[in-house]
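J.: For reference, this is entry22.pdb, and it has PDB, C-alpha atoms.
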```
ATOM      1  CA  MET A   1     -43.356  -5.909 109.235
ATOM      2  CA  ASP A   2     -41.009  -3.514 107.487
ATOM      3  CA  SER A   3     -42.523  -0.470 105.781
ATOM      4  CA  ASP A   4     -41.917  -2.006 102.349
ATOM      5  CA  THR A   5     -43.520  -5.382 102.997
ATOM      6  CA  TYR A   6     -47.100  -6.623 103.020
ATOM      7  CA  LYS A   7     -48.974  -9.811 103.945
ATOM      8  CA  THR A   8     -51.087 -11.828 101.531
ATOM      9  CA  ILE A   9     -52.060 -15.427 100.829
ATOM     10  CA  ILE A  10     -50.588 -18.032  98.484
ATOM     11  CA  GLY A  11     -53.217 -19.847  96.467
ATOM     12  CA  ASP A  12     -56.936 -20.329  97.041
ATOM     13  CA  SER A  13     -58.333 -21.660 100.298
ATOM     14  CA  SER A  14     -61.862 -22.531 101.373
ATOM     15  CA  GLY A  15     -63.921 -22.901 104.505
ATOM     16  CA  ILE A  16     -67.465 -23.505 105.719
ATOM     17  CA  TYR A  17     -69.717 -22.455 108.586
ATOM     18  CA  LYS A  18     -73.137 -23.894 109.427
ATOM     19  CA  GLU A  19     -75.854 -22.215 111.456
ATOM     20  CA  LYS A  20     -79.517 -23.322 111.888
ATOM     21  CA  GLY A  21     -79.603 -25.183 108.599
ATOM     22  CA  SER A  22     -77.857 -22.475 106.557
ATOM     23  CA  ARG A  23     -74.456 -23.228 105.062
ATOM     24  CA  PHE A  24     -71.932 -20.459 104.473
ATOM     25  CA  VAL A  25     -69.278 -21.636 102.010
ATOM     26  CA  SER A  26     -66.246 -19.344 101.795
ATOM     27  CA  VAL A  27     -63.264 -19.027  99.502
ATOM     28  CA  ALA A  28     -60.225 -16.764  99.857
ATOM     29  CA  ILE A  29     -58.370 -15.952  96.648
ATOM     30  CA  PRO A  30     -55.194 -13.904  96.034
ATOM     31  CA  VAL A  31     -55.705 -11.008  93.585
ATOM     32  CA  SER A  32     -53.533  -8.173  92.327
ATOM     33  CA  ASP A  33     -55.954  -5.710  90.686
ATOM     34  CA  GLN A  34     -59.640  -4.794  90.439
ATOM     35  CA  GLU A  35     -60.021  -6.271  86.959
ATOM     36  CA  GLN A  36     -59.787  -9.749  88.481
ATOM     37  CA  ILE A  37     -62.693  -9.223  90.871
ATOM     38  CA  LYS A  38     -65.766  -9.512  88.608
ATOM     39  CA  PRO A  39     -64.633 -12.714  86.807
ATOM     40  CA  ILE A  40     -63.959 -14.352  90.190
ATOM     41  CA  ILE A  41     -67.395 -13.433  91.537
ATOM     42  CA  ASP A  42     -69.109 -14.516  88.298
ATOM     43  CA  LYS A  43     -67.340 -17.890  88.468
ATOM     44  CA  ILE A  44     -68.354 -18.443  92.091
ATOM     45  CA  ARG A  45     -71.974 -17.520  91.299
ATOM     46  CA  LYS A  46     -71.990 -20.233  88.625
ATOM     47  CA  GLU A  47     -70.311 -22.820  90.857
ATOM     48  CA  HIS A  48     -72.733 -22.097  93.712
ATOM     49  CA  HIS A  49     -75.797 -21.269  91.605
ATOM     50  CA  ASP A  50     -78.148 -22.666  94.284
ATOM     51  CA  ALA A  51     -76.805 -20.277  96.922
ATOM     52  CA  LYS A  52     -79.065 -17.345  97.752
ATOM     53  CA  HIS A  53     -76.364 -14.754  98.479
ATOM     54  CA  HIS A  54     -72.714 -14.228  97.556
ATOM     55  CA  CYS A  55     -71.269 -11.621  99.900
ATOM     56  CA  TYR A  56     -67.672 -10.526  99.513
ATOM     57  CA  ALA A  57     -64.920  -8.149 100.524
ATOM     58  CA  TYR A  58     -61.548  -7.391  99.007
ATOM     59  CA  MET A  59     -58.439  -5.403  99.853
ATOM     60  CA  LEU A  60     -55.827  -4.341  97.292
ATOM     61  CA  GLY A  61     -52.445  -2.630  97.201
ATOM     62  CA  HIS A  62     -49.472  -2.689  99.525
ATOM     63  CA  GLU A  63     -50.792   0.443 101.242
ATOM     64  CA  ARG A  64     -54.189  -1.263 101.762
ATOM     65  CA  LEU A  65     -56.111   1.729 100.414
ATOM     66  CA  ILE A  66     -58.304  -0.001  97.812
ATOM     67  CA  TRP A  67     -61.161  -2.040  99.258
ATOM     68  CA  ARG A  68     -64.829  -2.812  98.872
ATOM     69  CA  VAL A  69     -67.572  -4.761 100.633
ATOM     70  CA  ASN A  70     -70.806  -6.151  99.145
ATOM     71  CA  ASP A  71     -73.790  -7.588 101.047
ATOM     72  CA  ASP A  72     -75.490  -8.995  97.922
ATOM     73  CA  GLY A  73     -79.022  -8.506  99.225
ATOM     74  CA  GLU A  74     -78.373  -9.350 102.867
ATOM     75  CA  PRO A  75     -79.236  -6.635 105.442
ATOM     76  CA  SER A  76     -76.739  -3.771 105.188
ATOM     77  CA  GLY A  77     -73.493  -4.412 107.033
ATOM     78  CA  THR A  78     -74.143  -8.088 107.777
ATOM     79  CA  GLY A  79     -72.110  -9.717 104.972
ATOM     80  CA  GLY A  80     -69.258  -7.777 103.403
ATOM     81  CA  LYS A  81     -68.265  -5.805 106.484
ATOM     82  CA  PRO A  82     -67.612  -8.799 108.797
ATOM     83  CA  ILE A  83     -65.721 -10.486 105.950
ATOM     84  CA  LEU A  84     -63.525  -7.404 105.581
ATOM     85  CA  GLY A  85     -63.053  -7.418 109.344
ATOM     86  CA  GLN A  86     -61.350 -10.800 109.094
ATOM     87  CA  ILE A  87     -59.045  -9.539 106.324
ATOM     88  CA  ASN A  88     -58.154  -6.524 108.458
ATOM     89  CA  SER A  89     -57.637  -8.578 111.608
ATOM     90  CA  LEU A  90     -54.707 -10.304 109.913
ATOM     91  CA  GLY A  91     -53.462  -7.203 108.077
ATOM     92  CA  LEU A  92     -53.830  -8.876 104.682
ATOM     93  CA  THR A  93     -54.020  -7.315 101.237
ATOM     94  CA  ASN A  94     -54.303  -8.432  97.607
ATOM     95  CA  ILE A  95     -57.098 -10.780  98.614
ATOM     96  CA  ILE A  96     -60.801 -11.324  98.031
ATOM     97  CA  ILE A  97     -63.062 -13.482 100.185
ATOM     98  CA  VAL A  98     -66.452 -14.559  98.855
ATOM     99  CA  VAL A  99     -69.005 -16.271 101.104
ATOM    100  CA  SER A 100     -71.927 -18.063  99.433
ATOM    101  CA  ARG A 101     -74.980 -18.668 101.631
ATOM    102  CA  TYR A 102     -77.292 -21.636 101.190
ATOM    103  CA  PHE A 103     -80.438 -20.659 103.106
ATOM    104  CA  GLY A 104     -81.651 -23.281 105.566
ATOM    105  CA  GLY A 105     -85.140 -21.929 106.157
ATOM    106  CA  THR A 106     -84.513 -20.211 109.483
ATOM    107  CA  LEU A 107     -83.833 -16.486 109.710
ATOM    108  CA  LEU A 108     -80.664 -15.734 111.650
ATOM    109  CA  GLY A 109     -81.226 -12.062 112.405
ATOM    110  CA  VAL A 110     -78.655  -9.299 112.028
ATOM    111  CA  SER A 111     -76.288 -10.499 114.759
ATOM    112  CA  GLY A 112     -76.564 -14.088 113.557
ATOM    113  CA  LEU A 113     -75.708 -13.129 109.992
ATOM    114  CA  ILE A 114     -72.728 -11.023 111.089
ATOM    115  CA  ASN A 115     -71.378 -13.912 113.128
ATOM    116  CA  ALA A 116     -71.971 -16.412 110.308
ATOM    117  CA  TYR A 117     -70.233 -14.393 107.607
ATOM    118  CA  ARG A 118     -67.386 -13.530 109.954
ATOM    119  CA  SER A 119     -66.948 -17.181 110.963
ATOM    120  CA  ALA A 120     -67.074 -18.412 107.356
ATOM    121  CA  ALA A 121     -64.419 -15.887 106.303
ATOM    122  CA  ALA A 122     -62.270 -16.853 109.289
ATOM    123  CA  SER A 123     -62.602 -20.504 108.282
ATOM    124  CA  SER A 124     -61.173 -19.898 104.814
ATOM    125  CA  LEU A 125     -58.308 -17.828 106.246
ATOM    126  CA  ALA A 126     -57.525 -20.514 108.821
ATOM    127  CA  ASN A 127     -56.879 -22.864 105.885
ATOM    128  CA  ALA A 128     -54.856 -20.332 103.876
ATOM    129  CA  LYS A 129     -51.099 -20.268 103.481
ATOM    130  CA  MET A 130     -49.835 -16.760 104.188
ATOM    131  CA  THR A 131     -46.687 -15.013 103.082
ATOM    132  CA  GLU A 132     -44.902 -11.701 103.454
ATOM    133  CA  LYS A 133     -43.877  -9.978 100.234
ATOM    134  CA  THR A 134     -41.721  -6.950  99.563
ATOM    135  CA  VAL A 135     -42.947  -3.809  97.809
ATOM    136  CA  ASN A 136     -40.764  -3.411  94.735
ATOM    137  CA  GLU A 137     -40.166  -0.557  92.318
ATOM    138  CA  TYR A 138     -39.634  -1.325  88.636
ATOM    139  CA  TYR A 139     -37.456   0.693  86.255
ATOM    140  CA  GLU A 140     -36.076   0.531  82.748
ATOM    141  CA  ILE A 141     -32.436   1.583  82.539
ATOM    142  CA  THR A 142     -30.259   2.335  79.527
ATOM    143  CA  PHE A 143     -26.483   2.690  79.374
ATOM    144  CA  PRO A 144     -23.599   2.387  76.868
ATOM    145  CA  PHE A 145     -22.006  -1.021  76.336
ATOM    146  CA  SER A 146     -18.799   0.320  77.884
ATOM    147  CA  SER A 147     -20.631   0.585  81.242
ATOM    148  CA  LEU A 148     -22.075  -2.943  81.122
ATOM    149  CA  LYS A 149     -19.563  -4.486  83.520
ATOM    150  CA  ASP A 150     -20.103  -1.782  86.157
ATOM    151  CA  VAL A 151     -23.899  -1.990  85.889
ATOM    152  CA  MET A 152     -23.930  -5.772  86.184
ATOM    153  CA  LYS A 153     -21.683  -5.555  89.242
ATOM    154  CA  VAL A 154     -24.259  -3.358  91.012
ATOM    155  CA  LEU A 155     -27.100  -5.657  90.001
ATOM    156  CA  LYS A 156     -25.286  -8.698  91.342
ATOM    157  CA  GLU A 157     -24.041  -7.158  94.595
ATOM    158  CA  GLU A 158     -27.406  -5.595  95.425
ATOM    159  CA  ASN A 159     -29.287  -8.724  94.324
ATOM    160  CA  LEU A 160     -31.591  -6.782  91.989
ATOM    161  CA  GLY A 161     -34.228  -8.444  89.868
ATOM    162  CA  GLN A 162     -33.764  -8.036  86.119
ATOM    163  CA  SER A 163     -35.567  -8.890  82.883
ATOM    164  CA  GLU A 164     -35.855  -8.006  79.185
ATOM    165  CA  GLN A 165     -32.138  -7.522  78.685
ATOM    166  CA  MET A 166     -30.787  -6.119  75.425
ATOM    167  CA  PHE A 167     -27.031  -5.677  75.104
ATOM    168  CA  ASP A 168     -25.849  -3.675  72.090
ATOM    169  CA  LEU A 169     -24.019  -0.378  71.574
ATOM    170  CA  GLU A 170     -26.757   0.949  73.821
ATOM    171  CA  CYS A 171     -27.837  -1.540  76.470
ATOM    172  CA  ARG A 172     -31.305  -1.717  77.957
ATOM    173  CA  LEU A 173     -32.841  -3.778  80.748
ATOM    174  CA  LYS A 174     -35.614  -3.730  83.293
ATOM    175  CA  LEU A 175     -34.731  -4.008  86.947
ATOM    176  CA  ASN A 176     -36.622  -4.115  90.214
ATOM    177  CA  PHE A 177     -35.730  -3.821  93.882
ATOM    178  CA  ARG A 178     -37.442  -3.359  97.210
ATOM    179  CA  VAL A 179     -38.305   0.233  98.048
ATOM    180  CA  SER A 180     -36.086   0.364 101.139
ATOM    181  CA  ILE A 181     -32.858   0.089  99.100
ATOM    182  CA  LYS A 182     -33.838   2.568  96.370
ATOM    183  CA  GLU A 183     -31.519   5.361  97.528
ATOM    184  CA  LYS A 184     -28.541   3.013  97.806
ATOM    185  CA  VAL A 185     -29.162   1.526  94.339
ATOM    186  CA  PHE A 186     -29.420   4.855  92.565
ATOM    187  CA  ASN A 187     -26.450   6.296  94.435
ATOM    188  CA  ARG A 188     -24.348   3.499  92.955
ATOM    189  CA  LEU A 189     -25.865   3.600  89.470
ATOM    190  CA  SER A 190     -25.515   7.399  89.247
ATOM    191  CA  ARG A 191     -21.733   7.028  89.505
ATOM    192  CA  ILE A 192     -21.647   4.921  86.324
ATOM    193  CA  GLU A 193     -21.178   6.808  83.063
ATOM    194  CA  GLY A 194     -24.190   7.116  80.786
ATOM    195  CA  VAL A 195     -26.816   5.427  82.976
ATOM    196  CA  ASN A 196     -30.374   6.712  82.480
ATOM    197  CA  TYR A 197     -33.513   5.289  84.010
ATOM    198  CA  ARG A 198     -37.295   5.471  83.640
ATOM    199  CA  TYR A 199     -39.774   4.598  86.383
ATOM    200  CA  ILE A 200     -42.339   1.948  85.419
ATOM    201  CA  ASP A 201     -44.377   0.859  88.444
ATOM    202  CA  THR A 202     -44.525  -0.030  92.136
ATOM    203  CA  TYR A 203     -46.121  -3.177  93.494
TER
END
```
Output the structure of this file as structure tokens.

T.:
Amino acid sequence: MDSDTYKTIIGDSSGIYKEKGSRFVSVAIPVSDQEQIKPIIDKIRKEHHDAKHHCYAYMLGHERLIWRVNDDGEPSGTGGKPILGQINSLGLTNIIIVVSRYFGGTLLGVSGLINAYRSAAASSLANAKMTEKTVNEYYEITFPFSSLKDVMKVLKEENLGQSEQMFDLECRLKLNFRVSIKEKVFNRLSRIEGVNYRYIDTY
């Protein structure tokens, strides 16, 4: 992958793994920020209210620096960590995987649990549709109406994303582009009279 791309999944996907009477039901869900995590887990707890444990792991951000694992009462390191291992094995981000365990009456032991949670997570990922996305920077730019034609030429030729346009004596719009072409874009825009810009976000 290029340095300004990342891998994630499109849409929810599910899987299942069975071991000695226990069922491990997994779901992989695309997410973009931590605020989405708790509602997702709460919903799954309600849907699988008979399950004894709901272990999960998530990874966020194009740099893959935000992550967490949770064993939800299982022995430490047997639930969340093997789930995260499956996320890492495919280099994915902006994803959460939750595995709900229906206990079958037979203890699996530490190694058995690790294998079960890993296999359940792998099952949901095997059914997932994956994609590669670009890391984009978002800016608001302003410029005089007299520079509109020149600005729009750059936007068209560089295939930049744009939104929230306002064309008046002073024009304003939001634009976005992949990080790798940032220098080229601003080199061109800086040559146009009256262009000012404000950084908004990167994702």

J.: What's the 8 Å shell around stretch 93-104 of chain A, counting only C-alpha atoms, without same-chain residues fewer than 5 positions away, as a PyMOL selection string?

T.: chain A and resi 6-9+20-33+37+41+48+50-62+64+83+87+117+120-121

J.: Rounded to one decimal, what separation in Å do you get between atom CA of A:Ile16 and atom CA of A:Ala122?

T.: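 Result for atom CA of A:Ile16 versus atom CA of A:Ala122: 9.2 Å, one decimal.
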
J.: What lies within 12 Å of A:Met166 using only C-alpha atoms, ignoring chain neighbours under 6 positions off, as a ChimeraX atom specification?

T.: /A:140-145,148,172-174

J.: Do a neighbour search on A:Ile181 at 12 Å with all atoms listed in the file, toss out local chain neighbours closer than 3 positions, and write the hits as a list in words.

T.: Ser3, Asp4, Thr134, Val135, Asn136, Glu137, Glu158, Asn159, Leu160, Asn176, Phe177, Arg178, Lys184, Val185, Phe186, Asn187 and Arg188 of chain A

J.: Calculate how many Å separate atom CA of A:Ser14 from atom CA of A:Gln36, rounding to one decimal.

T.: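 So the two atoms, atom CA of A:Ser14 and atom CA of A:Gln36, lie 18.3 Å apart.
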
J.: Translate the PyMOL selection byres ((chain A and resi 200) around 6), as applied to the file shown, into an explicit residue set as a CSV table (one decimal) with C-alpha atoms, in the coordinates of the input.

T.:
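The resulting file, selection_3.csv, is reproduced below:
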```
chain,number,residue,atom,x,y,z
A,138,TYR,CA,-39.6,-1.3,88.6
A,139,TYR,CA,-37.5,0.7,86.3
A,199,TYR,CA,-39.8,4.6,86.4
A,201,ASP,CA,-44.4,0.9,88.4
```

J.: Report as a ChimeraX atom specification all protein, DNA and RNA residues lying within 12 Å of A:Ile114, evaluated on only C-alpha atoms, omitting residues in the same chain fewer than 4 positions from it.

T.: /A:19,24,55,71,74-86,99,108-110,118-121

J.: Regenerate stretch 88-111 of chain A at the level of N, CA and C atoms and dump it as a PDB file, in the frame of the given file.

T.:
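The resulting file, rebuild-v4.pdb, is shown below:
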```
ATOM      1  N   ASN A  88     -58.875  -7.555 107.698  1.00  0.00           N
ATOM      2  CA  ASN A  88     -58.154  -6.524 108.458  1.00  0.00           C
ATOM      3  C   ASN A  88     -57.523  -7.067 109.732  1.00  0.00           C
ATOM      4  N   SER A  89     -58.159  -8.049 110.340  1.00  0.00           N
ATOM      5  CA  SER A  89     -57.637  -8.578 111.608  1.00  0.00           C
ATOM      6  C   SER A  89     -56.271  -9.225 111.429  1.00  0.00           C
ATOM      7  N   LEU A  90     -56.002  -9.688 110.206  1.00  0.00           N
ATOM      8  CA  LEU A  90     -54.707 -10.304 109.913  1.00  0.00           C
ATOM      9  C   LEU A  90     -53.788  -9.381 109.103  1.00  0.00           C
ATOM     10  N   GLY A  91     -54.279  -8.164 108.812  1.00  0.00           N
ATOM     11  CA  GLY A  91     -53.462  -7.203 108.077  1.00  0.00           C
ATOM     12  C   GLY A  91     -53.145  -7.639 106.653  1.00  0.00           C
ATOM     13  N   LEU A  92     -54.078  -8.343 106.018  1.00  0.00           N
ATOM     14  CA  LEU A  92     -53.830  -8.876 104.682  1.00  0.00           C
ATOM     15  C   LEU A  92     -54.211  -7.883 103.589  1.00  0.00           C
ATOM     16  N   THR A  93     -53.627  -8.077 102.409  1.00  0.00           N
ATOM     17  CA  THR A  93     -54.020  -7.315 101.237  1.00  0.00           C
ATOM     18  C   THR A  93     -53.864  -8.193 100.007  1.00  0.00           C
ATOM     19  N   ASN A  94     -54.292  -7.661  98.861  1.00  0.00           N
ATOM     20  CA  ASN A  94     -54.303  -8.432  97.607  1.00  0.00           C
ATOM     21  C   ASN A  94     -55.053  -9.744  97.792  1.00  0.00           C
ATOM     22  N   ILE A  95     -56.273  -9.613  98.298  1.00  0.00           N
ATOM     23  CA  ILE A  95     -57.098 -10.780  98.614  1.00  0.00           C
ATOM     24  C   ILE A  95     -58.575 -10.441  98.452  1.00  0.00           C
ATOM     25  N   ILE A  96     -59.347 -11.417  98.014  1.00  0.00           N
ATOM     26  CA  ILE A  96     -60.801 -11.324  98.031  1.00  0.00           C
ATOM     27  C   ILE A  96     -61.337 -12.557  98.740  1.00  0.00           C
ATOM     28  N   ILE A  97     -62.357 -12.367  99.557  1.00  0.00           N
ATOM     29  CA  ILE A  97     -63.062 -13.482 100.185  1.00  0.00           C
ATOM     30  C   ILE A  97     -64.533 -13.392  99.786  1.00  0.00           C
ATOM     31  N   VAL A  98     -65.045 -14.474  99.238  1.00  0.00           N
ATOM     32  CA  VAL A  98     -66.452 -14.559  98.855  1.00  0.00           C
ATOM     33  C   VAL A  98     -67.105 -15.641  99.712  1.00  0.00           C
ATOM     34  N   VAL A  99     -68.252 -15.310 100.302  1.00  0.00           N
ATOM     35  CA  VAL A  99     -69.005 -16.271 101.104  1.00  0.00           C
ATOM     36  C   VAL A  99     -70.378 -16.479 100.468  1.00  0.00           C
ATOM     37  N   SER A 100     -70.647 -17.707 100.058  1.00  0.00           N
ATOM     38  CA  SER A 100     -71.927 -18.063  99.433  1.00  0.00           C
ATOM     39  C   SER A 100     -72.826 -18.706 100.474  1.00  0.00           C
ATOM     40  N   ARG A 101     -74.060 -18.175 100.604  1.00  0.00           N
ATOM     41  CA  ARG A 101     -74.980 -18.668 101.631  1.00  0.00           C
ATOM     42  C   ARG A 101     -76.083 -19.525 101.025  1.00  0.00           C
ATOM     43  N   TYR A 102     -76.176 -20.751 101.523  1.00  0.00           N
ATOM     44  CA  TYR A 102     -77.292 -21.636 101.190  1.00  0.00           C
ATOM     45  C   TYR A 102     -78.297 -21.536 102.331  1.00  0.00           C
ATOM     46  N   PHE A 103     -79.447 -20.943 102.057  1.00  0.00           N
ATOM     47  CA  PHE A 103     -80.438 -20.659 103.106  1.00  0.00           C
ATOM     48  C   PHE A 103     -81.070 -21.947 103.628  1.00  0.00           C
ATOM     49  N   GLY A 104     -81.132 -22.065 104.945  1.00  0.00           N
ATOM     50  CA  GLY A 104     -81.651 -23.281 105.566  1.00  0.00           C
ATOM     51  C   GLY A 104     -83.081 -23.180 106.054  1.00  0.00           C
ATOM     52  N   GLY A 105     -83.735 -22.060 105.786  1.00  0.00           N
ATOM     53  CA  GLY A 105     -85.140 -21.929 106.157  1.00  0.00           C
ATOM     54  C   GLY A 105     -85.396 -21.175 107.446  1.00  0.00           C
ATOM     55  N   THR A 106     -84.359 -20.931 108.213  1.00  0.00           N
ATOM     56  CA  THR A 106     -84.513 -20.211 109.483  1.00  0.00           C
ATOM     57  C   THR A 106     -83.770 -18.886 109.419  1.00  0.00           C
ATOM     58  N   LEU A 107     -84.476 -17.796 109.707  1.00  0.00           N
ATOM     59  CA  LEU A 107     -83.833 -16.486 109.710  1.00  0.00           C
ATOM     60  C   LEU A 107     -82.855 -16.392 110.877  1.00  0.00           C
ATOM     61  N   LEU A 108     -81.711 -15.806 110.625  1.00  0.00           N
ATOM     62  CA  LEU A 108     -80.664 -15.734 111.650  1.00  0.00           C
ATOM     63  C   LEU A 108     -80.637 -14.391 112.375  1.00  0.00           C
ATOM     64  N   GLY A 109     -81.286 -13.388 111.813  1.00  0.00           N
ATOM     65  CA  GLY A 109     -81.226 -12.062 112.405  1.00  0.00           C
ATOM     66  C   GLY A 109     -79.911 -11.371 112.096  1.00  0.00           C
ATOM     67  N   VAL A 110     -79.844 -10.090 112.353  1.00  0.00           N
ATOM     68  CA  VAL A 110     -78.655  -9.299 112.028  1.00  0.00           C
ATOM     69  C   VAL A 110     -77.405  -9.828 112.728  1.00  0.00           C
ATOM     70  N   SER A 111     -77.473 -10.038 114.031  1.00  0.00           N
ATOM     71  CA  SER A 111     -76.288 -10.499 114.759  1.00  0.00           C
ATOM     72  C   SER A 111     -75.885 -11.901 114.322  1.00  0.00           C
TER      73      SER A 111
END
```
